[in-house]
Amino acid sequence: MPRHLIRIAIVSLLFVTLAVPVGAQTSPPSGALWTESSNSKVPADIARLNDHMNSLAEKLKPTLVQVRVRRTETQNDPEQPGTPEERRTSGSGVIIRSDGYLVTNEHVVNEAEKIQVKLADGRRFDGRLVGKDERVDLALVKIEATGLPVAALGDSNKLRIGEFVLALGQPFGLEQSVSFGIVSRKGAPLLVAAPGFDFIQTDATVNPGNSGGPLVNLDKGLLPQLASKGKVEWGWLGVGIADVGDEDFAKYQLKEPKGVLIRHVVAGQPADKGGLKADDVVLAVDGTQIDGMRDLQRIIASTPVGRSVKLAVMRGGKEQDIEVVVGPYQASTAATRPAQPPRRPEAPAPKGPPTPAPK
């Protein structure tokens, strides 16, 4: 028999073998296909923690909402330049008042043409943007509904690093989800520039669409401004600042490396008008000691615009008080050049015929 016919016969035999049904080769196993778990008990402490987490999640779930947003963006199409393209995104939110106020992230609802809010019970409402602030990524939305379940805001200052936390939301547009973790860090945000407020960092899983859900540092002092003004008016001095380091405090005749160094003063801004100068060191604001930049940023940012504050300043080895009226923060002036000392007038050019050039 030719070799190629032998190969064909062997291949055919393999196909016949593989085509035989599996069930025809072996008999089904007797008994159950799996082993039931034993009646081992969960340790009492773990059981209590599980029960508490489950109870907390079930209590908060009715307060969670899905925030659906529609935007119209300009598509960069070389064949059809300027073609509008509709884009839909979603995020999460949490109800804070029974008459339909809820909070979410600013980036979730920014530039939204339409906002739709889906409640945990499936009802849908049109949402109205009441106010937003980009610096802390916070937005307040209103829906026309009453009798809604609410999530009470806790005091984030009492939250400790290492405590157990839950992150709730609606990632990927799914139903409510809960992830578990701990508070990893409290302090200034890693990437976002915010005016001295502390943020909560957690290792609890946060997926796309979780934005706006609970486990955010919602400063209660900001919400009334969003409700009444539609924005937050941050206080502003108009200065460039730096911490006083261990190698610098003797240079500025300080007893210890505390306070905030004024590196430059922006012309025409509140600090300039109040008489603050470069190389001044701010030691206190209205009697409250300032240890570093974040202290000064937090106090000034949260001071109502138009209010006068007393700055205790070290200047040239002498401590003095300076009154400054806090102004409104303007992002466009943040990078403005510092105030410059007045230039001396140049001497007038001598009168008379010009001196002839030497030949």
# chains A, B, ... in the order shown; residues from 1 in each chain; ligands from 1
>>> residues_around(residues="A:Val103", least_positions_apart="2", cutoff="9 Å", atoms="only C-alpha atoms", output="PyMOL selection string")
chain A and resi 92-96+101+105+138-142+212-213+218+223
>>> residues_around(residues="A:Gly274", least_positions_apart="3", cutoff="10 Å", atoms="only C-alpha atoms", output="PyMOL selection string")
chain A and resi 237+268-271+277+308+322-326
>>> write_last_selection(atoms="N, CA and C atoms", output="mmCIF file, in the first residue's frame")
data_model
loop_
_atom_site.group_PDB
_atom_site.id
_atom_site.type_symbol
_atom_site.label_atom_id
_atom_site.label_comp_id
_atom_site.auth_asym_id
_atom_site.auth_seq_id
_atom_site.Cartn_x
_atom_site.Cartn_y
_atom_site.Cartn_z
ATOM 1 N N LEU A 237 -5.912 85.105 48.836
ATOM 2 C CA LEU A 237 -5.019 86.201 49.210
ATOM 3 C C LEU A 237 -4.229 86.718 48.029
ATOM 4 N N GLY A 268 -2.106 93.840 42.930
ATOM 5 C CA GLY A 268 -3.520 94.189 42.890
ATOM 6 C C GLY A 268 -4.435 93.239 43.616
ATOM 7 N N GLN A 269 -3.900 92.168 44.200
ATOM 8 C CA GLN A 269 -4.722 91.197 44.916
ATOM 9 C C GLN A 269 -4.768 91.530 46.408
ATOM 10 N N PRO A 270 -5.640 90.835 47.186
ATOM 11 C CA PRO A 270 -5.848 91.215 48.591
ATOM 12 C C PRO A 270 -4.576 91.336 49.418
ATOM 13 N N ALA A 271 -3.646 90.400 49.278
ATOM 14 C CA ALA A 271 -2.418 90.472 50.072
ATOM 15 C C ALA A 271 -1.623 91.721 49.746
ATOM 16 N N LYS A 277 4.184 91.366 52.178
ATOM 17 C CA LYS A 277 5.343 91.476 51.309
ATOM 18 C C LYS A 277 6.065 90.139 51.182
ATOM 19 N N SER A 308 -12.442 90.454 56.847
ATOM 20 C CA SER A 308 -11.086 90.873 57.185
ATOM 21 C C SER A 308 -10.470 89.873 58.155
ATOM 22 N N ILE A 322 -1.074 92.283 60.393
ATOM 23 C CA ILE A 322 -1.491 92.891 59.130
ATOM 24 C C ILE A 322 -2.944 92.500 58.858
ATOM 25 N N GLU A 323 -3.774 93.478 58.565
ATOM 26 C CA GLU A 323 -5.182 93.228 58.235
ATOM 27 C C GLU A 323 -5.324 93.064 56.728
ATOM 28 N N VAL A 324 -5.924 91.963 56.325
ATOM 29 C CA VAL A 324 -6.153 91.688 54.908
ATOM 30 C C VAL A 324 -7.609 91.296 54.701
ATOM 31 N N VAL A 325 -8.247 91.893 53.705
ATOM 32 C CA VAL A 325 -9.621 91.539 53.348
ATOM 33 C C VAL A 325 -9.567 90.411 52.319
ATOM 34 N N VAL A 326 -10.137 89.279 52.664
ATOM 35 C CA VAL A 326 -10.095 88.099 51.797
ATOM 36 C C VAL A 326 -10.912 88.363 50.534
#
>>> atom_distance(atom1="atom CA of A:Gly100", atom2="atom CA of A:His52")
27.9 Å
>>> select_by_dssp(residues="stretch 231-339 of chain A", states="strand (DSSP E or B)", output="ChimeraX atom specification")
/A:235-236,239-243,260-266,281-285,288-289,308-315,318-325,327-328,338
